[in-house]
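Trainee: As input, take query_29.txt (compact mmCIF, C-alpha atoms):
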# COMPACT_ATOMS: atom_id res chain seq x y z
CA MET A 1 -33.61 -59.46 -142.75
CA PRO A 2 -34.73 -62.24 -140.48
CA GLY A 3 -34.69 -65.77 -141.76
CA PRO A 4 -37.92 -67.75 -141.90
CA SER A 5 -39.51 -69.21 -138.80
CA THR A 6 -38.09 -72.46 -137.50
CA ALA A 7 -41.52 -73.55 -136.33
CA ASP A 8 -43.47 -76.27 -138.09
CA ASP A 9 -46.57 -74.70 -139.57
CA ASP A 10 -50.15 -75.82 -139.98
CA GLY A 11 -51.68 -72.37 -140.62
CA LEU A 12 -51.93 -69.08 -138.79
CA HIS A 13 -55.38 -69.85 -137.42
CA ARG A 14 -55.31 -73.49 -136.45
CA VAL A 15 -57.82 -74.66 -133.87
CA GLY A 16 -56.40 -75.51 -130.46
CA ARG A 17 -52.72 -75.70 -129.65
CA LYS A 18 -50.05 -78.13 -128.57
CA PRO A 19 -48.33 -77.74 -125.20
CA LEU A 20 -45.30 -75.48 -125.40
CA THR A 21 -42.22 -77.53 -126.19
CA SER A 22 -39.83 -75.05 -127.75
CA ARG A 23 -38.89 -71.46 -128.47
CA ALA A 24 -40.40 -71.97 -131.93
CA GLU A 25 -43.81 -72.85 -130.49
CA LEU A 26 -43.78 -69.76 -128.28
CA GLU A 27 -42.84 -67.68 -131.31
CA ARG A 28 -45.76 -69.16 -133.22
CA GLN A 29 -48.23 -68.33 -130.46
CA ALA A 30 -46.94 -64.76 -130.37
CA LEU A 31 -47.27 -64.30 -134.13
CA ARG A 32 -50.77 -65.78 -134.07
CA LEU A 33 -51.91 -63.33 -131.40
CA PHE A 34 -50.27 -60.37 -133.13
CA ALA A 35 -52.03 -61.29 -136.39
CA GLU A 36 -55.40 -61.61 -134.65
CA ARG A 37 -55.31 -58.63 -132.27
CA GLY A 38 -52.55 -56.33 -133.46
CA PHE A 39 -49.10 -55.99 -131.93
CA ASP A 40 -49.92 -53.13 -129.58
CA ASP A 41 -52.91 -54.94 -128.05
CA VAL A 42 -51.04 -58.11 -127.09
CA THR A 43 -49.07 -58.36 -123.85
CA VAL A 44 -46.40 -60.74 -122.68
CA ASP A 45 -49.00 -62.18 -120.30
CA ASP A 46 -51.32 -62.83 -123.25
CA ILE A 47 -48.60 -64.73 -125.10
CA ALA A 48 -47.63 -66.74 -122.04
CA ALA A 49 -51.25 -67.67 -121.37
CA ALA A 50 -51.80 -68.74 -124.98
CA ALA A 51 -48.70 -70.92 -124.77
CA GLY A 52 -49.70 -72.42 -121.43
CA ILE A 53 -46.69 -71.09 -119.53
CA GLY A 54 -46.01 -68.50 -116.89
CA ARG A 55 -44.64 -65.01 -117.44
CA ARG A 56 -41.28 -65.95 -115.96
CA THR A 57 -40.94 -68.84 -118.38
CA PHE A 58 -41.60 -66.52 -121.31
CA PHE A 59 -38.63 -64.40 -120.29
CA ARG A 60 -36.39 -67.45 -120.34
CA TYR A 61 -36.96 -67.52 -124.10
CA TYR A 62 -37.30 -63.84 -124.99
CA LYS A 63 -36.46 -60.54 -123.32
CA SER A 64 -39.61 -58.87 -124.69
CA LYS A 65 -42.51 -59.40 -127.04
CA ASN A 66 -40.48 -57.46 -129.63
CA ASP A 67 -37.88 -60.24 -129.59
CA ALA A 68 -40.56 -62.88 -130.14
CA VAL A 69 -41.33 -61.30 -133.51
CA TRP A 70 -37.75 -61.90 -134.66
CA GLY A 71 -37.53 -65.45 -133.32
CA ASP A 72 -34.10 -67.00 -132.79
CA PHE A 73 -32.40 -64.34 -134.88
CA GLU A 74 -28.95 -64.85 -133.40
CA SER A 75 -28.89 -68.47 -134.54
CA GLU A 76 -30.13 -67.45 -137.98
CA LEU A 77 -27.33 -64.91 -138.30
CA GLN A 78 -24.80 -67.55 -137.37
CA ARG A 79 -26.24 -69.75 -140.09
CA MET A 80 -25.82 -66.93 -142.58
CA ARG A 81 -22.24 -66.32 -141.42
CA SER A 82 -21.43 -70.00 -141.92
CA SER A 83 -23.05 -69.96 -145.36
CA LEU A 84 -20.91 -67.00 -146.46
CA ALA A 85 -17.75 -68.65 -145.20
CA ALA A 86 -18.48 -71.81 -147.21
CA PHE A 87 -18.24 -70.10 -150.61
CA PRO A 88 -15.01 -70.57 -152.61
CA PRO A 89 -12.77 -67.48 -152.26
CA GLN A 90 -12.69 -66.96 -156.03
CA THR A 91 -16.47 -66.39 -156.21
CA PRO A 92 -17.21 -62.67 -156.81
CA VAL A 93 -18.21 -60.93 -153.61
CA MET A 94 -21.58 -59.73 -154.82
CA ASP A 95 -22.45 -63.15 -156.25
CA VAL A 96 -21.73 -64.67 -152.85
CA LEU A 97 -23.89 -62.13 -151.06
CA ARG A 98 -26.78 -62.54 -153.48
CA GLU A 99 -26.78 -66.34 -153.26
CA ALA A 100 -26.32 -66.37 -149.49
CA ILE A 101 -29.08 -63.83 -148.83
CA VAL A 102 -31.52 -65.63 -151.11
CA ALA A 103 -30.72 -68.93 -149.39
CA PHE A 104 -31.00 -67.31 -145.94
CA ASN A 105 -34.55 -66.24 -146.76
CA HIS A 106 -35.65 -69.47 -148.43
CA LEU A 107 -39.19 -70.45 -147.47
CA ASP A 108 -40.87 -73.81 -147.48
CA PRO A 109 -44.53 -73.40 -148.51
CA ALA A 110 -45.71 -74.10 -144.96
CA GLN A 111 -43.60 -71.20 -143.64
CA VAL A 112 -45.05 -68.55 -145.94
CA PRO A 113 -48.07 -67.48 -143.80
CA TRP A 114 -45.94 -67.20 -140.67
CA HIS A 115 -43.17 -65.29 -142.37
CA ARG A 116 -45.62 -62.88 -144.02
CA ALA A 117 -47.12 -62.19 -140.60
CA ARG A 118 -43.67 -61.64 -139.12
CA MET A 119 -42.52 -59.30 -141.88
CA ARG A 120 -45.71 -57.25 -141.82
CA LEU A 121 -45.03 -56.59 -138.16
CA ILE A 122 -41.37 -55.75 -138.68
CA LEU A 123 -41.95 -53.44 -141.64
CA GLU A 124 -45.28 -51.87 -140.72
CA VAL A 125 -45.62 -51.58 -136.91
CA PRO A 126 -44.19 -48.28 -135.61
CA ALA A 127 -43.63 -49.69 -132.13
CA LEU A 128 -41.14 -52.18 -133.56
CA GLN A 129 -39.03 -49.76 -135.59
CA ALA A 130 -36.43 -48.91 -132.94
CA HIS A 131 -36.01 -52.57 -132.05
CA SER A 132 -35.76 -53.49 -135.73
CA THR A 133 -32.97 -50.95 -136.19
CA LEU A 134 -30.83 -52.93 -133.77
CA ARG A 135 -31.57 -56.18 -135.59
CA TYR A 136 -30.77 -54.61 -138.95
CA ALA A 137 -27.42 -53.51 -137.53
CA ASP A 138 -26.66 -57.10 -136.49
CA TRP A 139 -27.57 -58.32 -140.00
CA ARG A 140 -25.40 -55.68 -141.65
CA ALA A 141 -22.52 -56.62 -139.38
CA VAL A 142 -22.52 -60.16 -140.79
CA VAL A 143 -22.40 -58.79 -144.34
CA SER A 144 -19.74 -56.15 -143.65
CA GLU A 145 -17.61 -58.68 -141.77
CA TYR A 146 -17.58 -60.96 -144.81
CA VAL A 147 -16.99 -58.15 -147.30
CA ALA A 148 -14.15 -56.68 -145.24
CA ALA A 149 -12.40 -60.05 -145.06
CA ARG A 150 -12.75 -60.55 -148.81
CA LEU A 151 -11.51 -57.06 -149.68
CA GLY A 152 -8.75 -56.92 -147.08
CA GLN A 153 -10.23 -53.90 -145.31
CA PRO A 154 -11.32 -53.17 -141.73
CA GLN A 155 -14.95 -54.02 -141.07
CA ASP A 156 -15.76 -50.39 -140.28
CA ALA A 157 -14.18 -49.12 -143.51
CA LEU A 158 -16.46 -47.26 -145.87
CA LEU A 159 -16.88 -49.83 -148.64
CA PRO A 160 -17.85 -52.85 -146.47
CA GLN A 161 -20.36 -50.64 -144.69
CA VAL A 162 -21.78 -49.24 -147.95
CA ILE A 163 -22.21 -52.72 -149.40
CA ALA A 164 -23.92 -53.94 -146.21
CA TYR A 165 -26.35 -51.02 -146.29
CA ILE A 166 -27.04 -51.51 -150.00
CA CYS A 167 -27.75 -55.22 -149.53
CA LEU A 168 -30.11 -54.50 -146.66
CA GLY A 169 -31.93 -51.87 -148.69
CA ALA A 170 -32.33 -54.25 -151.62
CA ALA A 171 -33.65 -56.98 -149.31
CA VAL A 172 -36.15 -54.62 -147.65
CA ALA A 173 -37.39 -53.46 -151.06
CA ALA A 174 -37.87 -57.09 -152.12
CA TYR A 175 -39.77 -57.87 -148.92
CA GLU A 176 -42.04 -54.86 -149.33
CA GLN A 177 -42.88 -55.97 -152.87
CA TRP A 178 -43.52 -59.50 -151.60
CA LEU A 179 -45.96 -58.24 -148.98
CA ARG A 180 -47.84 -56.25 -151.62
CA ASP A 181 -48.17 -59.20 -153.99
CA GLU A 182 -49.53 -62.45 -152.56
CA ASP A 183 -48.46 -64.36 -155.68
CA ALA A 184 -44.88 -63.12 -155.71
CA ASP A 185 -41.95 -65.44 -155.06
CA LEU A 186 -39.69 -64.04 -152.35
CA GLY A 187 -36.57 -65.79 -153.60
CA ASP A 188 -37.07 -64.41 -157.09
CA LEU A 189 -37.63 -60.88 -155.79
CA LEU A 190 -34.51 -61.01 -153.63
CA ASP A 191 -32.44 -62.38 -156.49
CA ARG A 192 -33.63 -59.65 -158.83
CA ALA A 193 -33.15 -56.89 -156.28
CA LEU A 194 -29.62 -57.98 -155.40
CA SER A 195 -28.75 -58.34 -159.08
CA THR A 196 -29.48 -54.66 -159.77
CA LEU A 197 -26.85 -53.07 -157.56
CA GLY A 198 -25.01 -51.32 -160.35
CA PRO A 199 -21.21 -51.66 -160.60
CA LEU A 200 -21.05 -53.48 -157.27
CA ALA A 201 -22.97 -56.37 -158.83
CA LEU A 202 -20.21 -56.74 -161.39
CA ASP A 203 -16.97 -56.11 -159.55
CA PRO A 204 -16.24 -54.01 -156.45
CA GLY A 205 -12.52 -54.02 -157.30
CA PRO A 206 -12.43 -50.56 -158.95
CA LEU A 207 -14.33 -49.08 -156.03
CA VAL A 208 -11.84 -50.62 -153.61
CA ALA A 209 -8.94 -49.11 -155.55
CA ARG A 210 -10.64 -45.71 -155.65
CA GLU A 211 -11.33 -45.76 -151.92
CA GLN A 212 -7.76 -46.80 -151.10
CA LYS A 213 -6.48 -43.93 -153.25
CA ALA A 214 -8.78 -41.50 -151.43
CA VAL A 215 -7.55 -42.72 -148.04
CA ARG A 216 -3.89 -42.32 -149.07
CA SER A 217 -4.45 -38.83 -150.45
CA GLY A 218 -6.40 -37.83 -147.35
Take the structure I supplied and represent it as structure tokens, if you would.
Mentor:
Amino acid sequence: MPGPSTADDDGLHRVGRKPLTSRAELERQALRLFAERGFDDVTVDDIAAAAGIGRRTFFRYYKSKNDAVWGDFESELQRMRSSLAAFPPQTPVMDVLREAIVAFNHLDPAQVPWHRARMRLILEVPALQAHSTLRYADWRAVVSEYVAARLGQPQDALLPQVIAYICLGAAVAAYEQWLRDEDADLGDLLDRALSTLGPLALDPGPLVAREQKAVRSG
């Protein structure tokens, strides 16, 4: 799931706007327009005009309006990758993933309205689903890369991929609950969701041994 916006926030519907100075400001203008008009009814030209830039300048920041919804996702994924790498190697794999994913999605209070707007778009707008599938794959790749290294398996082996998919599913479920309940705490929901992953939450070791046995017998 995408990390929170890097933009400073003073509300989704502030009066007036500052001149565009960063990718984050352009992202904020896009999210504001999507919240006001709906994703399908906003064009790249609309976003550029709201930000006080030309169409060509918009494309220096983002390839499409779909990308503006996700913000600087590549940098956020690199931050998550660095966070995972910083954990001591003796920390259980699932504990690392739970703590890293919760931290990755930490929100300052000022970010909450923006991030709710972003996640409603990602999870509810049909036109974004294909694009979101690609972003989810990038997110899962960070998780499976870490898991594979910890378990001594190839990244495309079954268990690292299963764990990556399970973590994504738990995160999406937590986000959907968060969007339904305005009073819910996202960090708490993510922590609870990632703590309920059955035997994986305790120790993936037996599953690793079982998979290795299956591969040898195959």
Trainee: What lies within 8 Å of Val96 in chain A using all atoms listed in the file, ignoring chain neighbours under 5 positions off, as a ChimeraX atom specification?
Mentor: /A:84,87,91
Trainee: So which one's closest to Asp191 in chain A, A:Leu26, A:Leu179, A:Ala68, A:Cys167? Using only C-alpha atoms, please.
Mentor: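 Nearest candidate to Asp191 in chain A out of A:Leu26, A:Leu179, A:Ala68, A:Cys167: A:Cys167.
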Trainee: Using all atoms listed in the file, determine which residues lie at most 12 Å from Ala49 in chain A, disregarding the query and same-chain residues fewer than 3 positions distant; provide the list as a PyMOL selection string.
Mentor: chain A and resi 17+19-20+26+29-30+33+42-46+52-58
Trainee: What is the distance, in Å and to one decimal place, between CA of Arg81 in chain A and CA of Met94 in chain A?
Mentor: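 For CA of Arg81 in chain A relative to CA of Met94 in chain A, the distance reads 14.9 Å.
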Trainee: What does the structure give for the distance between CA of Glu176 in chain A and CA of Arg116 in chain A, in Å to one decimal?
Mentor: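 The value is 10.3 Å.
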Trainee: Can you tell me which residues surround range 128-133 of chain A at a distance of at most 12 Å, considering only C-alpha atoms, apart from same-chain residues fewer than 4 positions away, and format the answer as a list of chain:residue names?
Mentor: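 Residues near the query, excluding close chain neighbours: A:Met1, A:Pro2, A:Phe39, A:Asp40, A:Lys63, A:Ser64, A:Lys65, A:Asn66, A:Asp67, A:Ala68, A:Val69, A:Trp70, A:Phe73, A:Arg118, A:Met119, A:Arg120, A:Leu121, A:Ile122, A:Leu123, A:Glu124, A:Ala137, A:Asp138, A:Trp139, A:Arg140, A:Leu168, A:Val172.
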Trainee: Restore N, CA and C atoms in range 160-194 of chain A and list the result as a JSON list (two decimals), in the coordinates of the input.
Mentor:
[["chain", "number", "residue", "atom", "x", "y", "z"],
["A", 160, "PRO", "N", -17.06, -51.76, -147.07],
["A", 160, "PRO", "CA", -17.85, -52.85, -146.47],
["A", 160, "PRO", "C", -19.16, -52.36, -145.88],
["A", 161, "GLN", "N", -19.14, -51.17, -145.27],
["A", 161, "GLN", "CA", -20.36, -50.64, -144.69],
["A", 161, "GLN", "C", -21.37, -50.24, -145.77],
["A", 162, "VAL", "N", -20.88, -49.63, -146.86],
["A", 162, "VAL", "CA", -21.78, -49.24, -147.95],
["A", 162, "VAL", "C", -22.44, -50.48, -148.55],
["A", 163, "ILE", "N", -21.65, -51.51, -148.80],
["A", 163, "ILE", "CA", -22.21, -52.72, -149.40],
["A", 163, "ILE", "C", -23.24, -53.36, -148.47],
["A", 164, "ALA", "N", -22.96, -53.37, -147.16],
["A", 164, "ALA", "CA", -23.92, -53.94, -146.21],
["A", 164, "ALA", "C", -25.23, -53.16, -146.22],
["A", 165, "TYR", "N", -25.14, -51.84, -146.25],
["A", 165, "TYR", "CA", -26.35, -51.02, -146.29],
["A", 165, "TYR", "C", -27.11, -51.23, -147.59],
["A", 166, "ILE", "N", -26.39, -51.32, -148.71],
["A", 166, "ILE", "CA", -27.04, -51.51, -150.00],
["A", 166, "ILE", "C", -27.77, -52.86, -150.04],
["A", 167, "CYS", "N", -27.12, -53.89, -149.54],
["A", 167, "CYS", "CA", -27.75, -55.22, -149.53],
["A", 167, "CYS", "C", -29.00, -55.22, -148.66],
["A", 168, "LEU", "N", -28.93, -54.57, -147.52],
["A", 168, "LEU", "CA", -30.11, -54.50, -146.66],
["A", 168, "LEU", "C", -31.23, -53.74, -147.36],
["A", 169, "GLY", "N", -30.90, -52.63, -148.00],
["A", 169, "GLY", "CA", -31.93, -51.87, -148.69],
["A", 169, "GLY", "C", -32.58, -52.67, -149.80],
["A", 170, "ALA", "N", -31.78, -53.42, -150.56],
["A", 170, "ALA", "CA", -32.33, -54.25, -151.62],
["A", 170, "ALA", "C", -33.24, -55.33, -151.05],
["A", 171, "ALA", "N", -32.84, -55.92, -149.93],
["A", 171, "ALA", "CA", -33.65, -56.98, -149.31],
["A", 171, "ALA", "C", -34.96, -56.41, -148.78],
["A", 172, "VAL", "N", -34.92, -55.24, -148.16],
["A", 172, "VAL", "CA", -36.15, -54.62, -147.65],
["A", 172, "VAL", "C", -37.09, -54.30, -148.80],
["A", 173, "ALA", "N", -36.55, -53.77, -149.90],
["A", 173, "ALA", "CA", -37.39, -53.46, -151.06],
["A", 173, "ALA", "C", -38.06, -54.73, -151.60],
["A", 174, "ALA", "N", -37.30, -55.83, -151.65],
["A", 174, "ALA", "CA", -37.87, -57.09, -152.12],
["A", 174, "ALA", "C", -38.98, -57.57, -151.18],
["A", 175, "TYR", "N", -38.75, -57.45, -149.88],
["A", 175, "TYR", "CA", -39.77, -57.87, -148.92],
["A", 175, "TYR", "C", -41.03, -57.02, -149.03],
["A", 176, "GLU", "N", -40.86, -55.73, -149.21],
["A", 176, "GLU", "CA", -42.04, -54.86, -149.33],
["A", 176, "GLU", "C", -42.86, -55.22, -150.56],
["A", 177, "GLN", "N", -42.18, -55.54, -151.66],
["A", 177, "GLN", "CA", -42.88, -55.97, -152.87],
["A", 177, "GLN", "C", -43.60, -57.29, -152.62],
["A", 178, "TRP", "N", -42.95, -58.19, -151.91],
["A", 178, "TRP", "CA", -43.52, -59.50, -151.60],
["A", 178, "TRP", "C", -44.79, -59.37, -150.77],
["A", 179, "LEU", "N", -44.78, -58.44, -149.82],
["A", 179, "LEU", "CA", -45.96, -58.24, -148.98],
["A", 179, "LEU", "C", -47.11, -57.61, -149.76],
["A", 180, "ARG", "N", -46.79, -56.86, -150.80],
["A", 180, "ARG", "CA", -47.84, -56.25, -151.62],
["A", 180, "ARG", "C", -48.46, -57.24, -152.61],
["A", 181, "ASP", "N", -47.72, -58.27, -152.96],
["A", 181, "ASP", "CA", -48.17, -59.20, -153.99],
["A", 181, "ASP", "C", -48.20, -60.62, -153.43],
["A", 182, "GLU", "N", -49.38, -61.13, -153.16],
["A", 182, "GLU", "CA", -49.53, -62.45, -152.56],
["A", 182, "GLU", "C", -49.00, -63.56, -153.45],
["A", 183, "ASP", "N", -48.92, -63.33, -154.75],
["A", 183, "ASP", "CA", -48.46, -64.36, -155.68],
["A", 183, "ASP", "C", -46.96, -64.28, -155.96],
["A", 184, "ALA", "N", -46.30, -63.30, -155.42],
["A", 184, "ALA", "CA", -44.88, -63.12, -155.71],
["A", 184, "ALA", "C", -44.03, -64.19, -155.02],
["A", 185, "ASP", "N", -42.91, -64.50, -155.63],
["A", 185, "ASP", "CA", -41.95, -65.44, -155.06],
["A", 185, "ASP", "C", -40.83, -64.64, -154.39],
["A", 186, "LEU", "N", -40.66, -64.82, -153.09],
["A", 186, "LEU", "CA", -39.69, -64.04, -152.35],
["A", 186, "LEU", "C", -38.27, -64.26, -152.86],
["A", 187, "GLY", "N", -37.91, -65.51, -153.12],
["A", 187, "GLY", "CA", -36.57, -65.79, -153.60],
["A", 187, "GLY", "C", -36.27, -65.09, -154.90],
["A", 188, "ASP", "N", -37.25, -65.07, -155.81],
["A", 188, "ASP", "CA", -37.07, -64.41, -157.09],
["A", 188, "ASP", "C", -36.91, -62.90, -156.91],
["A", 189, "LEU", "N", -37.72, -62.32, -156.04],
["A", 189, "LEU", "CA", -37.63, -60.88, -155.79],
["A", 189, "LEU", "C", -36.28, -60.51, -155.19],
["A", 190, "LEU", "N", -35.80, -61.29, -154.24],
["A", 190, "LEU", "CA", -34.51, -61.01, -153.63],
["A", 190, "LEU", "C", -33.39, -61.14, -154.65],
["A", 191, "ASP", "N", -33.46, -62.18, -155.47],
["A", 191, "ASP", "CA", -32.44, -62.38, -156.49],
["A", 191, "ASP", "C", -32.40, -61.21, -157.45],
["A", 192, "ARG", "N", -33.57, -60.77, -157.89],
["A", 192, "ARG", "CA", -33.63, -59.65, -158.83],
["A", 192, "ARG", "C", -33.15, -58.36, -158.19],
["A", 193, "ALA", "N", -33.56, -58.12, -156.95],
["A", 193, "ALA", "CA", -33.15, -56.89, -156.28],
["A", 193, "ALA", "C", -31.64, -56.84, -156.08],
["A", 194, "LEU", "N", -31.06, -57.95, -155.67],
["A", 194, "LEU", "CA", -29.62, -57.98, -155.40],
["A", 194, "LEU", "C", -28.79, -58.04, -156.68]]
